[in-house]
file coords.txt (compact mmCIF, C-alpha atoms)
# COMPACT_ATOMS: atom_id res chain seq x y z
CA MET T 1 -12.05 17.51 -8.12
CA LEU T 2 -15.52 18.77 -7.27
CA PRO T 3 -17.35 17.26 -4.30
CA SER T 4 -20.47 15.32 -5.09
CA HIS T 5 -22.70 17.45 -2.84
CA VAL T 6 -22.37 20.59 -5.00
CA PHE T 7 -24.86 19.14 -7.48
CA SER T 8 -28.43 19.67 -6.29
CA ALA T 9 -30.87 16.81 -6.72
CA ASN T 10 -33.58 17.24 -9.35
CA PRO T 11 -36.02 14.91 -11.16
CA LEU T 12 -33.99 15.07 -14.37
CA SER T 13 -30.73 13.92 -12.78
CA LEU T 14 -30.54 10.17 -12.32
CA SER T 15 -28.39 10.52 -9.23
CA LEU T 16 -27.51 7.87 -6.68
CA PRO T 17 -26.63 8.44 -3.04
CA ASP T 18 -22.93 8.26 -2.29
CA SER T 19 -23.48 5.40 0.13
CA ALA T 20 -25.32 3.34 -2.49
CA PHE T 21 -22.72 4.10 -5.14
CA GLU T 22 -19.83 3.15 -2.84
CA SER T 23 -21.66 -0.03 -1.87
CA TRP T 24 -21.99 -0.87 -5.56
CA LEU T 25 -18.29 -0.23 -6.11
CA ARG T 26 -17.41 -2.51 -3.20
CA ASP T 27 -19.74 -5.29 -4.34
CA GLU T 28 -18.55 -5.18 -7.94
CA GLY T 29 -14.88 -5.18 -6.95
CA TYR T 30 -13.95 -1.63 -8.01
CA LEU T 31 -11.95 -1.06 -4.85
CA GLU T 32 -9.36 1.14 -6.58
CA ILE T 33 -11.99 3.75 -7.42
CA LEU T 34 -13.48 3.51 -3.93
CA ASP T 35 -10.02 4.09 -2.46
CA GLU T 36 -9.56 7.19 -4.63
CA ARG T 37 -12.99 8.55 -3.68
CA THR T 38 -12.27 8.11 0.03
CA THR T 39 -8.91 9.88 -0.25
CA ALA T 40 -10.39 12.73 -2.30
CA ARG T 41 -13.33 13.17 0.08
CA ALA T 42 -10.97 13.38 3.06
CA SER T 43 -8.93 16.14 1.38
CA ILE T 44 -11.94 18.33 0.49
CA PRO T 45 -12.41 20.13 3.85
CA THR T 46 -8.71 20.99 4.13
CA SER T 47 -8.51 22.41 0.61
CA SER T 48 -11.72 24.42 0.89
CA THR T 49 -10.69 25.92 4.19
CA ALA T 50 -7.24 26.79 2.92
CA THR T 51 -8.50 28.53 -0.24
CA SER T 52 -11.36 30.47 1.34
CA SER T 53 -10.54 34.06 2.36
CA PRO T 54 -12.46 35.50 5.34
CA SER T 55 -14.28 38.78 5.04
CA ASN T 56 -12.63 40.15 8.18
CA PRO T 57 -8.91 39.43 8.30
CA HIS T 58 -8.64 40.59 11.92
CA SER T 59 -11.19 38.04 13.10
CA HIS T 60 -9.33 35.39 11.14
CA THR T 61 -6.14 36.34 12.94
CA ARG T 62 -7.83 36.05 16.31
CA ARG T 63 -9.42 32.71 15.53
CA SER T 64 -6.48 31.13 13.75
CA PRO T 65 -4.89 29.56 16.88
CA ALA T 66 -8.15 27.84 17.80
CA LEU T 67 -8.63 26.64 14.24
CA VAL T 68 -5.09 25.32 14.09
CA LEU T 69 -5.48 23.52 17.41
CA GLY T 70 -8.79 22.06 16.28
CA ARG T 71 -7.28 20.76 13.08
CA ILE T 72 -4.30 19.29 14.91
CA PHE T 73 -6.57 17.59 17.44
CA SER T 74 -8.86 16.15 14.76
CA SER T 75 -5.85 14.95 12.78
CA LEU T 76 -4.40 13.27 15.86
CA VAL T 77 -7.70 11.57 16.64
CA SER T 78 -7.97 10.34 13.04
CA VAL T 79 -4.41 9.03 13.03
CA LEU T 80 -4.84 7.30 16.40
CA SER T 81 -8.13 5.67 15.36
CA THR T 82 -6.55 4.44 12.13
CA PHE T 83 -3.51 3.12 14.03
CA VAL T 84 -5.74 1.28 16.51
CA SER T 85 -7.68 -0.28 13.65
CA LEU T 86 -4.42 -1.48 12.08
CA VAL T 87 -3.34 -3.05 15.36
CA THR T 88 -6.65 -4.84 15.93
CA ILE T 89 -7.35 -5.82 12.31
CA SER T 90 -7.22 -9.39 11.07
CA PRO T 91 -5.30 -9.15 7.77
CA PHE T 92 -5.96 -12.77 6.81
CA ALA T 93 -9.75 -12.58 7.11
CA LYS T 94 -10.35 -12.64 3.33
CA LEU T 95 -7.26 -14.60 2.34
CA THR T 96 -7.89 -17.89 0.50
CA ALA T 97 -5.72 -20.66 -0.88
CA ASP T 98 -6.33 -19.44 -4.43
CA ASP T 99 -4.44 -16.22 -3.65
CA PHE T 100 -1.21 -18.24 -3.38
CA ALA T 101 -1.82 -20.11 -6.63
CA GLY T 102 -1.64 -17.09 -8.93
CA VAL T 103 1.29 -15.38 -10.55
CA THR T 104 3.65 -13.41 -8.31
CA PRO T 105 3.19 -9.67 -8.95
CA SER T 106 6.07 -7.59 -10.20
CA TRP T 107 8.34 -6.55 -7.34
CA THR T 108 9.16 -3.14 -8.85
CA VAL T 109 5.97 -1.82 -10.45
CA GLY T 110 3.41 -4.02 -8.73
CA PHE T 111 4.65 -4.50 -5.17
CA VAL T 112 6.89 -1.48 -4.52
CA GLY T 113 5.26 0.92 -6.96
CA TYR T 114 6.09 4.60 -7.25
CA PRO T 115 6.48 7.34 -4.61
CA ASN T 116 2.90 8.53 -5.21
CA SER T 117 1.60 5.00 -4.68
CA TYR T 118 1.58 5.44 -0.90
CA SER T 119 -0.57 7.55 1.40
CA TRP T 120 -1.81 7.37 4.96
CA PRO T 121 -5.39 6.00 5.07
CA SER T 122 -7.94 8.70 5.84
CA ASP T 123 -10.12 6.56 8.11
CA PRO T 124 -10.18 3.06 9.65
CA SER T 125 -12.55 1.70 6.99
CA GLN T 126 -10.14 2.66 4.22
CA ALA T 127 -7.26 1.10 6.16
CA ARG T 128 -9.15 -2.18 6.54
CA MET T 129 -10.11 -2.18 2.87
CA ARG T 130 -6.52 -1.61 1.79
CA VAL T 131 -5.11 -4.26 4.11
CA HIS T 132 -7.58 -6.96 3.09
CA GLU T 133 -7.22 -6.30 -0.64
CA ASN T 134 -3.43 -5.85 -0.68
CA VAL T 135 -2.89 -8.99 1.40
CA LYS T 136 -4.89 -10.92 -1.21
CA ARG T 137 -3.01 -9.34 -4.10
CA TYR T 138 0.52 -9.63 -2.71
CA ALA T 139 0.18 -12.84 -0.70
CA ARG T 140 3.02 -14.52 -2.58
CA CYS T 141 5.27 -11.48 -2.13
CA TYR T 142 4.64 -11.38 1.61
CA SER T 143 5.36 -15.12 1.85
CA LEU T 144 8.70 -14.72 0.10
CA LEU T 145 9.57 -11.79 2.33
CA ALA T 146 8.78 -13.91 5.40
CA LEU T 147 11.17 -16.60 4.17
CA VAL T 148 13.87 -13.98 3.58
CA PHE T 149 13.40 -12.57 7.09
CA PHE T 150 13.56 -16.07 8.56
CA ALA T 151 16.79 -16.78 6.70
CA CYS T 152 18.25 -13.49 7.95
CA SER T 153 17.26 -14.34 11.52
CA LEU T 154 18.95 -17.72 11.20
CA TYR T 155 22.06 -15.97 9.93
CA GLN T 156 22.01 -13.67 12.96
CA ILE T 157 21.58 -16.65 15.33
CA PRO T 158 24.04 -19.36 14.16
CA LEU T 159 22.96 -21.72 16.94
CA ALA T 160 19.42 -21.77 15.55
CA LEU T 161 20.78 -22.44 12.07
CA PHE T 162 22.79 -25.36 13.47
CA GLY T 163 19.63 -26.71 15.08
CA VAL T 164 17.72 -26.58 11.80
CA ILE T 165 20.53 -28.35 9.93
CA SER T 166 20.81 -30.99 12.67
CA SER T 167 17.07 -31.66 12.57
CA LEU T 168 17.11 -32.04 8.80
CA ALA T 169 20.05 -34.42 9.03
CA LEU T 170 18.25 -36.44 11.70
CA TRP T 171 15.13 -36.86 9.57
CA GLU T 172 17.20 -37.68 6.51
CA GLY T 173 18.94 -40.39 8.51
CA PHE T 174 15.58 -41.76 9.62
CA ARG T 175 14.39 -41.95 6.01
CA PHE T 176 17.62 -43.69 4.98
CA CYS T 177 17.26 -46.28 7.75
CA CYS T 178 13.64 -46.98 6.78
CA ASP T 179 14.67 -47.59 3.17
CA ARG T 180 17.78 -49.61 4.08
CA TRP T 181 16.27 -51.91 6.70
CA GLY T 182 12.77 -52.15 5.28
CA LEU T 183 10.99 -50.75 8.33
CA GLU T 184 7.80 -50.24 6.31
CA SER T 185 6.91 -53.85 7.01
CA HIS T 186 7.56 -53.44 10.75
CA ALA T 187 4.94 -50.90 11.76
CA ILE T 188 5.57 -51.07 15.51
CA VAL T 189 9.32 -50.52 15.23
CA ARG T 190 8.79 -47.71 12.76
CA GLN T 191 6.31 -45.95 15.06
CA ILE T 192 8.70 -46.20 18.02
CA LEU T 193 11.59 -44.76 16.01
CA LEU T 194 9.30 -42.02 14.64
CA ARG T 195 8.30 -40.89 18.14
CA LEU T 196 11.93 -40.91 19.26
CA ILE T 197 12.94 -38.78 16.25
CA GLN T 198 10.15 -36.31 16.94
CA PHE T 199 11.15 -36.02 20.60
CA ALA T 200 14.83 -35.55 19.68
CA THR T 201 13.92 -32.89 17.09
CA ALA T 202 11.89 -30.91 19.61
CA ILE T 203 14.77 -30.99 22.12
CA ILE T 204 17.32 -29.88 19.50
CA LEU T 205 15.21 -27.02 18.19
CA PHE T 206 14.33 -25.78 21.66
CA SER T 207 17.92 -25.98 22.86
CA CYS T 208 19.17 -24.06 19.81
CA ASN T 209 16.75 -21.16 20.40
CA LEU T 210 14.94 -21.63 17.11
CA GLN T 211 11.83 -20.14 18.69
CA VAL T 212 13.66 -16.81 19.08
CA ALA T 213 14.60 -16.67 15.41
CA LEU T 214 11.08 -17.67 14.43
CA PHE T 215 9.59 -15.00 16.70
CA TRP T 216 11.68 -12.22 15.18
CA ALA T 217 10.98 -13.39 11.64
CA VAL T 218 7.22 -13.53 12.19
CA SER T 219 7.14 -10.20 14.02
CA ILE T 220 9.12 -8.30 11.39
CA SER T 221 7.18 -9.93 8.56
CA TYR T 222 3.85 -9.00 10.14
CA ILE T 223 4.88 -5.39 10.76
CA VAL T 224 6.17 -4.96 7.21
CA MET T 225 3.01 -6.55 5.79
CA ILE T 226 0.65 -4.32 7.81
CA LEU T 227 2.56 -1.14 6.99
CA HIS T 228 2.86 -1.89 3.30
CA ALA T 229 -0.73 -3.10 2.91
CA SER T 230 -2.18 -0.09 4.70
CA LEU T 231 -0.03 2.57 3.01
CA ARG T 232 -0.09 1.08 -0.50
CA LYS T 233 -2.85 2.59 -2.60
CA LEU T 234 -5.12 0.24 -4.47
CA THR T 235 -4.08 0.31 -8.11
CA PRO T 236 -5.51 -1.55 -11.12
CA LYS T 237 -4.33 -5.13 -11.35
CA GLN T 238 -3.47 -4.72 -15.05
CA PRO T 239 -1.97 -1.26 -15.67
CA ASP T 240 -0.90 -2.19 -19.21
CA GLN T 241 -4.46 -2.95 -20.15
CA LEU T 242 -5.58 0.39 -18.76
CA ARG T 243 -3.04 2.25 -20.86
CA ASN T 244 -4.19 0.42 -23.99
CA VAL T 245 -7.85 1.12 -23.31
CA SER T 246 -7.20 4.80 -22.54
CA SER T 247 -5.81 5.33 -26.04
CA CYS T 248 -9.01 4.23 -27.76
CA MET T 249 -11.83 4.86 -25.28
CA PRO T 250 -13.71 8.19 -25.23
CA TRP T 251 -13.20 10.27 -22.14
CA TYR T 252 -16.38 12.35 -22.13
CA LEU T 253 -19.94 11.27 -21.64
CA PRO T 254 -21.65 12.29 -24.98
CA ALA T 255 -19.69 9.55 -26.80
CA ILE T 256 -21.05 6.83 -24.49
CA PRO T 257 -24.61 6.55 -25.98
CA THR T 258 -23.05 5.90 -29.41
CA ILE T 259 -21.10 2.96 -28.04
CA ASN T 260 -24.11 1.76 -26.08
CA ALA T 261 -26.31 1.89 -29.18
CA ILE T 262 -23.96 -0.45 -30.99
CA GLY T 263 -24.29 -2.85 -28.08
CA GLN T 264 -20.70 -2.90 -26.94
CA ARG T 265 -19.60 -2.95 -23.32
CA PRO T 266 -16.42 -1.20 -22.15
CA THR T 267 -13.49 -3.55 -21.78
CA ASN T 268 -12.50 -1.86 -18.54
CA MET T 269 -15.13 0.09 -16.58
CA LYS T 270 -12.57 1.14 -13.95
CA LEU T 271 -10.87 3.47 -16.41
CA LEU T 272 -14.12 5.17 -17.45
CA LEU T 273 -15.26 5.51 -13.86
CA ARG T 274 -11.96 7.08 -12.85
CA LYS T 275 -11.92 9.48 -15.81
CA ASN T 276 -15.53 10.60 -15.31
CA MET T 277 -15.28 11.12 -11.55
CA GLN T 278 -13.99 14.64 -12.14
CA PHE T 279 -17.35 15.74 -13.60
CA GLY T 280 -19.28 15.07 -10.39
CA SER T 281 -21.89 12.56 -9.30
CA VAL T 282 -24.60 13.58 -11.81
CA GLU T 283 -22.62 12.75 -14.94
CA LEU T 284 -21.15 9.64 -13.35
CA ASN T 285 -24.56 8.32 -12.34
CA LEU T 286 -25.93 9.10 -15.80
CA TRP T 287 -23.16 6.95 -17.22
CA LEU T 288 -23.96 4.15 -14.79
CA ARG T 289 -27.68 4.17 -15.65
CA ALA T 290 -26.95 4.23 -19.38
CA TYR T 291 -24.32 1.56 -19.30
CA LEU T 292 -25.11 -0.99 -16.59

call {"tool": "encode", "arguments": {"input": "coords.txt", "output": "structure tokens"}}
result
Amino acid sequence: MLPSHVFSANPLSLSLPDSAFESWLRDEGYLEILDERTTARASIPTSSTATSSPSNPHSHTRRSPALVLGRIFSSLVSVLSTFVSLVTISPFAKLTADDFAGVTPSWTVGFVGYPNSYSWPSDPSQARMRVHENVKRYARCYSLLALVFFACSLYQIPLALFGVISSLALWEGFRFCCDRWGLESHAIVRQILLRLIQFATAIILFSCNLQVALFWAVSISYIVMILHASLRKLTPKQPDQLRNVSSCMPWYLPAIPTINAIGQRPTNMKLLLRKNMQFGSVELNLWLRAYL
């Protein structure tokens, strides 16, 4: 992929700055393409340095240890800054109640994905973007995983499991007594019994070390969520639709004015953006000006 800065600006090229284009991608919700651009931009210096051959091989031999140390130091700084951002990030900042009301994504293709669906984020901003978006997309999956981890922790601590079962039995007995004796009409007696049941439940759960099982379940769930959300690349939400569109949509820019003249709009702009990124910023911005 060619970097965007190799194309020189001229009056005939309707080019946009990279910052403005990335801001547009973020505002319009094309985070998958923004994630790909960030990863590709981070890999450009390494590839260009590796493929370039110096004019003096002896000087390259003398400078190679310093270059290697510089690359290692910069890589360590980048990894540490990204790790610090993952530790201090708030993954639930953009999470809403509507994210739990949707359909659960596929566990194989959607949640787990393929081996090439994971990569270390190149900078803290990409890590934050991935975490916020993946937490919104896979909120139901993370919730189910948290329940599984909590059940496993209860299995590892039988005393905590006994406390949970005892508390449920206590509340079920309270509901049975209210229905049997008609305590709904005796508000004072019902309130007294309710407070006693609450106090007894707190004592049982605390004595059975339920807080330990809950702590381990929450900790493991949070670590798994942060690691998965930060390493999982942003992929299209409907891959089947992308495959269908790719079979009928043109892949090169000269065909776009014909479609635009008819007055049709692409059914999936993410596919066209991703396919035309390889031609550089000039062609991509020409497509944006002609189509949007």

call {"tool": "atom_distance", "arguments": {"input": "coords.txt", "atom1": "atom CA of T:Ala146", "atom2": "atom CA of T:Trp171"}}
result
24.2 Å

call {"tool": "atom_distance", "arguments": {"input": "coords.txt", "atom1": "atom CA of T:Arg130", "atom2": "atom CA of T:Ala229"}}
result
6.1 Å

call {"tool": "residues_around", "arguments": {"input": "coords.txt", "residues": "stretch 159-168 of chain T", "least_positions_apart": "5", "cutoff": "6 Å", "atoms": "all atoms listed in the file", "output": "ChimeraX atom specification"}}
result
/T:154,201,204-205,208-210

call {"tool": "residues_around", "arguments": {"input": "coords.txt", "residues": "T:Ala213", "least_positions_apart": "6", "cutoff": "10 Å", "atoms": "only C-alpha atoms", "output": "list of chain:residue names"}}
result
T:Phe149, T:Phe150, T:Ala151, T:Cys152, T:Ser153, T:Leu154, T:Tyr155, T:Gln156, T:Ile157, T:Pro158, T:Leu159, T:Ala160, T:Leu161, T:Ser219

call {"tool": "residues_around", "arguments": {"input": "coords.txt", "residues": "T:Ser230", "least_positions_apart": "6", "cutoff": "9 Å", "atoms": "only C-alpha atoms", "output": "PyMOL selection string"}}
result
chain T and resi 86+118-121+126-132+134

call {"tool": "write_last_selection", "arguments": {"input": "coords.txt", "atoms": "C-alpha atoms", "output": "compact mmCIF listing (two decimals), in the frame of the given file"}}
result
# COMPACT_ATOMS: atom_id res chain seq x y z
CA LEU T 86 -4.42 -1.48 12.08
CA TYR T 118 1.58 5.44 -0.90
CA SER T 119 -0.57 7.55 1.40
CA TRP T 120 -1.81 7.37 4.96
CA PRO T 121 -5.39 6.00 5.07
CA GLN T 126 -10.14 2.66 4.22
CA ALA T 127 -7.26 1.10 6.16
CA ARG T 128 -9.15 -2.18 6.54
CA MET T 129 -10.11 -2.18 2.87
CA ARG T 130 -6.52 -1.61 1.79
CA VAL T 131 -5.11 -4.26 4.11
CA HIS T 132 -7.58 -6.96 3.09
CA ASN T 134 -3.43 -5.85 -0.68

call {"tool": "closest_residue", "arguments": {"input": "coords.txt", "among": "T:Tyr142, T:Phe111, T:Phe176, T:Phe215", "to": "T:Lys233", "atoms": "only C-alpha atoms"}}
result
T:Phe111

call {"tool": "atom_distance", "arguments": {"input": "coords.txt", "atom1": "atom CA of T:Glu133", "atom2": "atom CA of T:Thr96"}}
result
11.7 Å

call {"tool": "closest_residue", "arguments": {"input": "coords.txt", "among": "T:Ala97, T:Leu234, T:Ile89, T:Ile203", "to": "T:Gly110", "atoms": "only C-alpha atoms"}}
result
T:Leu234
